[in-house]
Each structure stands twice: as C-alpha cells, then as structure tokens.
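**Q** First the structure, which I've put down as structure tokens, then a few questions once you've had a look.
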Amino acid sequence: MGFNAEDNAFIEWYPRGYGVGFKVKRRLFETQTQYQRLEIYETEGFGKLLVLDGTVQLVEVGEESYHEVLVHPVMLAHPKPSRVLVIGGGDGGTLREVLKHGEVERAVMVEIDEGVVEASYLYLDVAKDLLERLIKKEEPRAELIIGDGVKYLKETGERFDVIIVDSTDPVGPAKLLFSEDFYRDAYEKLNDPGLYITQAGSVYLFTSELIDAYRAMKKVFDRVYYFSFPVIGYASPWSFLVGVKGDVDFRKVDLERAKGLKLYYYDPERHETLFQMPKYVRELLESG
Ligand code: SAM
C-alpha cells in the first residue's frame, strides 16, 4: 500500500487486492509518531488526505460521509445526550459533529496519538479551530485527553450518555477497542439509558471482524444494532455497530432536534435506510 509516485497516486490495498485510491499532487507531510506512520497528501480532487500506517483515515472533501453517520444517529436516538465520550478521532471531525448538539454539556475526546492532533491542526481543514481551542484548553464544553482509550475507560470515574469509538481498524493500539472486555467497561461507564457506537470496518472486506465484534457486543449490551453507509475514501459500504444500555430504540430518532442540524449525508428522515446490509452478511450476523 502507499504512494505510487509515477502514477501520482495513493492507493490503500485491502485484502484480496481490493484497492481504494486517490490521485495526489504531492505528499505534504510525513512522520513516524510514537504509535504509527502518519502521512498527509494533497489530492487532485478531494482536498487533503490523512493516512495512518498506510490506511486512509479521511479526505477533506467527503469526510462528513463518515463523521455524520458516526455521530448523529446515536445523538438523535438518545433522549438527552449531555455527556459524550469520543475515543480516537484525533482529526477532530467526530467531536465537531458532537458539539453541534446543544444538549451536550461535556464531551471528552481521548486520543492516544498527540501527533495526529498536531498534524490535523497544522495541515487539515477538518476541525482546525476546534483543535486549537482543545489544545489551548479554551473549549468550554469539551476536553482533549491524550491517552489510551482502553485505559481511560477502565479508570475513569465519569459516566457518559453516549460513547463513540472513532478509532483505526482493530490492529495495533486499536485492537483492544474491539474486545469483549472493553465493551463491558463501556457498558459500565454508560448512564442508563446509554448508547455506544463504533466503526466496524468494510462490510465486504472485513466481514469476519464485523461479525466477531457484533457477537461480542451482543454478550454485553441490552440490544445491538448494525448498519452500513457509503463512506468516501473507504472500501464501502462501511459498517457501524450500536450497543444499547437500557430502554432506547435506536430505530427512532428525534426529528425535531434533527431540524437544527445542517447535514449533507445522513438523512434523519430516512433513518430506517441506514439499516441496509447485504443479505448474506445479515444472515451471517443473525446466525450467531
Ligand atoms: N476520524 C477519521 C475518519 O474519518 O475515519 C479516522 C479515525 S481517527 C484518525 C482514528 C484515531 O484512533 C487515530 O488518531 C488513532 O491514533 C486513534 N486510536 C487508535 N487506538 C486508540 C486507542 N486505543 N485509544 C485512543 N485513540 C486511539
């Protein structure tokens, strides 16, 4: 995987040789952080591209196709999401969407790699102003903690209405974010009612990881939902898993509150269309 200079292209190779790529003008920045290789490219048609360990994290043009569906369905399904935890999300896009909800009184973002926050602040136009306020500790409703989300969740005395895991794929530092133990810690640190969402990878190319995570979550949460969405830059459709604590029906969202949100990709009035899943994948998910 990686930058193919003669073709001026960055291609992420998925299993079985499935590639997702962008024509790029040049590489703007690269570094080896304490946790991962970080690269930023200038693409021809999608703005800047953030890459971690050779995997596409986001492109500036179209990143909302991921951040909106990761955030707003659970925020609109929860009756009063005032305390929110984001794990990962160092580019700031997820927290930016969370803070669009006036009900939020306190949001905590736990990102393991300070290098991602710094590079996103310096090079990306995803949530630059928010990242600056977080770095300067001037954001009244949110706090940035540089640390491991697994450790934080185990040790925190705080409780949250919504927990959002916006991590890299289940390898390296993110691996334990997809474990039953972690789901149990999350369940304990959720208020009642509470909602948990995680990105769960490519429907077609990470099917077994999706099924494993779904089955592990079903052992922990009162109800588990799955949905998928086409995400620009990822081997789509991309899957998401939602765990429920208490009495919340994730199939219903508050359309009154949705009216106050400027959305481009997630359509609350068609919330039910999120629950698309190819028949063979649905049957695999339900068979366990
Ligand atoms: N928001 C982007 C998108 O559009 O998909 C991608 C996700 S964000 C860049 C993924 C982040 O998860 C990375 O910055 C990575 O450092 C972070 N991460 C991975 N494992 C983590 C852990 N155990 N605790 C906290 N953050 C973690």
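Going through the structure tokens in order, the chains are called A, B, and so on, while each chain numbers its residues from 1 and the ligands are numbered from 1 in the order shown.
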As a count of residues only, please: every protein or nucleic acid residue near ligand 1 (cut-off 7 Å, counting only C-alpha atoms and all ligand atoms).
**A** 28
**Q** Kindly assemble as a Markdown table a list of the stretch 78-123 of chain A residues that lie within 10 Å of stretch 132-139 of chain A, each paired with its nearest atom pair and their distance in Å to one decimal, using only C-alpha atoms, sorted first by chain and then by ascending residue number.
**A**
| residue | atom | partner | partner_atom | distance |
| --- | --- | --- | --- | --- |
| A:Gly92 | CA | A:Leu134 | CA | 9.5 |
| A:Ala107 | CA | A:Glu139 | CA | 10.0 |
| A:Met109 | CA | A:Leu134 | CA | 9.5 |
| A:Val117 | CA | A:Ile135 | CA | 8.7 |
| A:Glu118 | CA | A:Ile135 | CA | 8.8 |
| A:Tyr121 | CA | A:Glu132 | CA | 6.9 |
| A:Leu122 | CA | A:Glu132 | CA | 9.5 |
**Q** Just write the chosen residues, C-alpha atoms, as a short mmCIF file (atom, residue, chain, number, x, y, z; two decimals), in the first residue's frame.
**A**
data_model
loop_
_atom_site.label_atom_id
_atom_site.label_comp_id
_atom_site.auth_asym_id
_atom_site.auth_seq_id
_atom_site.Cartn_x
_atom_site.Cartn_y
_atom_site.Cartn_z
CA GLY A 92 -11.47 16.48 15.36
CA ALA A 107 -17.59 15.98 25.78
CA MET A 109 -12.04 13.11 23.46
CA VAL A 117 -3.96 16.03 16.73
CA GLU A 118 -0.96 18.24 15.93
CA TYR A 121 -4.39 21.08 13.38
CA LEU A 122 -1.43 22.17 11.24
#
**Q** Residues of stretch 97-213 of chain A in helix (DSSP H, G or I) according to DSSP, as a VMD selection string?
**A** chain A and resid 97 to 98 114 to 123 128 to 135 149 to 155 172 to 178 180 to 189 207 to 213
**Q** Just give me the gap between atom CA of A:Asp129 and atom CA of A:Ile11 in Å, one decimal is fine.
**A**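 Answer for the atom CA of A:Asp129 to atom CA of A:Ile11 separation: 29.6 Å.
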**Q** Tell me which protein, DNA and RNA residues are within 9 Å of A:Leu124, counting only C-alpha atoms, leaving out same-chain ones fewer than 6 positions away, and put them as a ChimeraX atom specification.
**A** /A:40,47-50,60,91
**Q** From the set A:Gln32, A:Ser120, A:Thr43, A:Ser236, which residue has the shortest atom-to-atom contact distance to A:Asn8, counting only C-alpha atoms?
**A**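 Answer, going by the shortest atom-to-atom distance: A:Thr43.
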**Q** Select, from A:Asn4, A:Ser202, A:Ser82, A:Ser228, the residue with the minimum atom-to-atom distance to A:Val108, counting only C-alpha atoms.
**A** A:Ser82
**Q** Out of A:Ala216, A:Met277, A:Leu284, A:Val20, which residue has the shortest atom-to-atom distance to A:Val56 when counting only C-alpha atoms?
**A**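 Residue with the minimum atom-to-atom distance to A:Val56: A:Val20.
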